[in-house]
Amino acid sequence: MYDVLSQNIQYLHGVGPRRAQLLNEELGIYTLHDLLYHFPYRYIDRSRIYTVHDLSDGMQYVQLKGRILGYETLGKGSARRIEADFTDGTGYVRLVWFKGLKYVERTLKTGVTYLLLGKPTLFNNRFNIAHPELDVLKDDSSLDGITGLRPVYRVTEKMKRSGLTSGAIEEMVDAVFSQLKGLSIAETLPDYLLSRCHLMGLNDAIRKIHHPESLSVIPSVELRLKFEELFYVQLDVLSYAKDRVIKYRGFRFSRVGDYFMRFYHECLPFELTSAQKRVIREIRHDLGSGRQMNRLLQGDVGSGKTMVSVMTMLIGIDNDYQSCIMAPTEILAEQHCATMQRLLGPIGVRVELLTGTVKGKRRQSVLDGLQDGSIHVLVGTHALLEDTVNFKNLGVAVIDEQHRFGVEQRSRLWLKNEFPPHILVMTATPIPRTLAMTVYGDLDVSVIDELPPGRKQIKTAHFYDKAVEQRVQLVRSEVAKGHQVYFVYPLIKESEKSDLKNLEEGFRQICKQFPDLNVGMLHGKMKPSEKNDVMQSFASGELHLLVSTTVIEVGVDVPNASVMIIENAERFGLAQLHQLRGRVGRGAEQSYCVLVTGYKLSENTRRRVEIMCETTDGFRIAEEDLKLRGPGDLEGTQQSGVIFTFKIANIARDGELLQQAREVARQVVDEDPMHELPQNKILWSQLKLQRKTNTNWAAIS
Ligand code: ADP
Ligand code: MG
């Protein structure tokens, strides 16, 4: 059965090499199976044919039946287009094509009757339909008896230009079904789960999603297909996690010793928040359990994750193991190293730095210290993943701001000791629960949901870029209080010259506006030592203003900075705006964040700005981000190597179903850890098949 559907799409009736290539490249469809899993995103009532007279503004897709009176090619260059007059006797609509003009010219016919599908828009008092789909009707009787719903499939502009329309996909899908004849599509879930969860069979669901007899069946069809999708991701993640528990023993850190105690009682510069204390308890429990810890620590910017990592590493040291902490940027690594040397030096803990710029003798002495065990804590960038970096006995690895690291990089940390070290992953990009479940699989999650006391809520405002005076005033009044200010410019790609020009231009202007203040500039193209110098002079208060790209986005901690001005804020996503804002509000003083934009804003941008002005709650921002952008674009997920390949489920909306699918998957894994039960045979073979073709979700932790 699977064999028929695994056939190459190219050999399906009506496809051929050219179309196959388009399907491969544009939609990732390679086989008949892939085509059947390209689901329609909506349906049109086939029996309903509108008249031009009936059209009203705001209508969605409609079907019209009529003729083309004539057409012409207008405009030049990129404005070239074809316009045609279409009528059905009750009125006229204007059809317009901007793309694929050659194909349209070749195929458009006057004097035949067309069945047209398109979305009318009112323009200059007249309905226009851009890029309609046209099917020639042989004679009127061919419409007789047509009832039911017509599926509408997503196709790209490039496909449309070659005539590969939704209608063409529909024909291909039908060709698959006629090739299948009476054969049914092989079930992917065992019977007992179908009946336990009240799910429709796969064969039914696939046939009905393409050709529903009525819209009322859609919910149960979708339920089945969404469940399957979510369930297999969860089964993947959870069974992988189960294997891990079976395979790996963890180092048991049974005691909390002198280092931890002395630090806690004598060196701690402040009282821990109760959230920090709770998380440290959770971590202590993990470390003593005999299982390898694999914990995600979520805490909003400024919530004090660094201190939690310090205490975790101390427990490692108390048990005669080394620790390391990996940060995504050199600036951050240096900052962490300085903080930890200051905190831990007095109790005799040796902390060293390893980044790409630590070279020669200094590097050798670090490498030696790691091997002979005299270095207790190594702070670094991804440089510490290199093969030449060998520990005597690495017991705890902390990964800070983890969304910057890829899966592969993280997994290399595991190999730094005979048994993998305990892993603590810290992130300030809060992730909605549903997403965390999917992306992080069976990572245990701790949350710091409390800020250190005395912090004032950051005030956020939206200024237009023309309102220069407003910005100047704010900067002046804050600097007069002895505070410092960040100006951030977007830099999409560090290599883009135009962006750098943007930053340099901004820097010049700011220098002109504030001739009496010390202004520094920071960007990713600078040498590490230059970056470090600028950062140092800002941290020491020598510079009043820092004009920067997003290199300061992550982790940088200068509590005296009280204003964050984000230029071209429309070019940043919500998560990034939130990260940037988190650079201020780290001291006891009132802080401000200003989002500067032009006058013209898209709906989406306006919403982002509103949300930022409304709330500083990172979890809320993450939820809103998920809603606005969809999971595929969510910050962090792309970098972390997770490609969201959901075809029908939407984790922003299907959270409840996800939860349910996860529960069922957990039961299966618990009941059948060794994959032996006959009733689950179908599940494990399906999982194997999917692991071959899909992203390995579970390996991500
Ligand atoms: P993040 O969670 O963003 O990494 P940091 O660990 O950089 O936050 O902490 C932010 C600031 O708050 C630092 O200056 C840190 O010293 C301070 N801090 C952390 N915990 C506390 C606390 N319990 N009380 C007061 N200040 C704290
Ligand atoms: Mg941090």
# chains A, B, ... in the order shown; residues from 1 in each chain; ligands from 1

$ residues_around --residues "Glu624 of chain A" --least-positions-apart "3" --cutoff "9 Å" --atoms "only C-alpha atoms" --output "ChimeraX atom specification"
/A:574,608,611,619-621,627-629

$ write_last_selection --atoms "C-alpha atoms" --output "PDB file, in the first residue's frame"
ATOM      1  CA  LEU A 574       8.539  41.185  19.393  1.00  0.00           C
ATOM      2  CA  ARG A 608       3.677  44.836  18.029  1.00  0.00           C
ATOM      3  CA  ILE A 611       1.854  45.127  22.901  1.00  0.00           C
ATOM      4  CA  PHE A 619       5.368  35.275  28.660  1.00  0.00           C
ATOM      5  CA  ARG A 620       2.524  37.402  27.397  1.00  0.00           C
ATOM      6  CA  ILE A 621       4.765  38.823  24.747  1.00  0.00           C
ATOM      7  CA  LYS A 627      -0.236  34.541  17.488  1.00  0.00           C
ATOM      8  CA  LEU A 628       1.108  37.271  15.244  1.00  0.00           C
ATOM      9  CA  ARG A 629       3.833  35.397  13.509  1.00  0.00           C
TER      10      ARG A 629
END

$ residues_near_ligand --ligand "ligand 2" --cutoff "10 Å" --atoms "only C-alpha atoms and all ligand atoms" --output "NGL selection string"
:A and (299-307 or 309 or 327 or 332 or 335-336 or 400-401 or 426-428 or 554-557 or 582)

$ select_by_dssp --residues "segment 75-312 of chain A" --states "strand (DSSP E or B)" --output "ChimeraX atom specification"
/A:81-87,92-97,113-118,120-123,126-130,133-137,149-152,294-299

$ residues_around --residues "Ile325 of chain A" --least-positions-apart "2" --cutoff "7 Å" --atoms "only C-alpha atoms" --output "ChimeraX atom specification"
/A:323,327,378-380,397-399

$ write_last_selection --atoms "N, CA, C and O atoms" --output "tab-separated table (two decimals), in the first residue's frame"
chain	number	residue	atom	x	y	z
A	323	SER	N	32.99	22.74	35.98
A	323	SER	CA	31.79	23.28	35.35
A	323	SER	C	32.17	24.19	34.21
A	323	SER	O	33.29	24.70	34.16
A	327	ALA	N	28.32	31.07	26.52
A	327	ALA	CA	27.49	32.21	26.17
A	327	ALA	C	27.56	32.44	24.66
A	327	ALA	O	28.53	32.04	24.02
A	378	LEU	N	34.97	27.09	33.61
A	378	LEU	CA	35.39	27.66	32.34
A	378	LEU	C	34.22	28.46	31.75
A	378	LEU	O	33.11	27.94	31.62
A	379	VAL	N	34.48	29.73	31.44
A	379	VAL	CA	33.45	30.56	30.80
A	379	VAL	C	33.89	30.75	29.37
A	379	VAL	O	35.06	31.04	29.11
A	380	GLY	N	32.96	30.59	28.43
A	380	GLY	CA	33.41	30.77	27.05
A	380	GLY	C	32.28	30.92	26.06
A	380	GLY	O	31.11	30.93	26.41
A	397	ALA	N	27.34	21.58	32.76
A	397	ALA	CA	27.49	22.50	31.64
A	397	ALA	C	26.26	23.41	31.60
A	397	ALA	O	25.13	22.92	31.56
A	398	VAL	N	26.51	24.71	31.64
A	398	VAL	CA	25.41	25.67	31.57
A	398	VAL	C	25.46	26.33	30.20
A	398	VAL	O	26.53	26.69	29.71
A	399	ILE	N	24.30	26.46	29.59
A	399	ILE	CA	24.23	27.14	28.29
A	399	ILE	C	23.35	28.36	28.48
A	399	ILE	O	22.18	28.24	28.84

$ select_by_dssp --residues "segment 9-216 of chain A" --states "alpha helix (DSSP H)" --output "PyMOL selection string"
chain A and resi 16-22+32-36+101-107+157-161+166-180+191-196+202-210

$ closest_residue --among "A:Ala661, A:Ile68, A:Cys511, A:Ala333" --to "ligand 1" --atoms "only C-alpha atoms and all ligand atoms"
A:Ala333

$ closest_residue --among "A:Val472, A:Val62, A:Ala569, A:Val485" --to "Gly541 of chain A" --atoms "only C-alpha atoms"
A:Val485
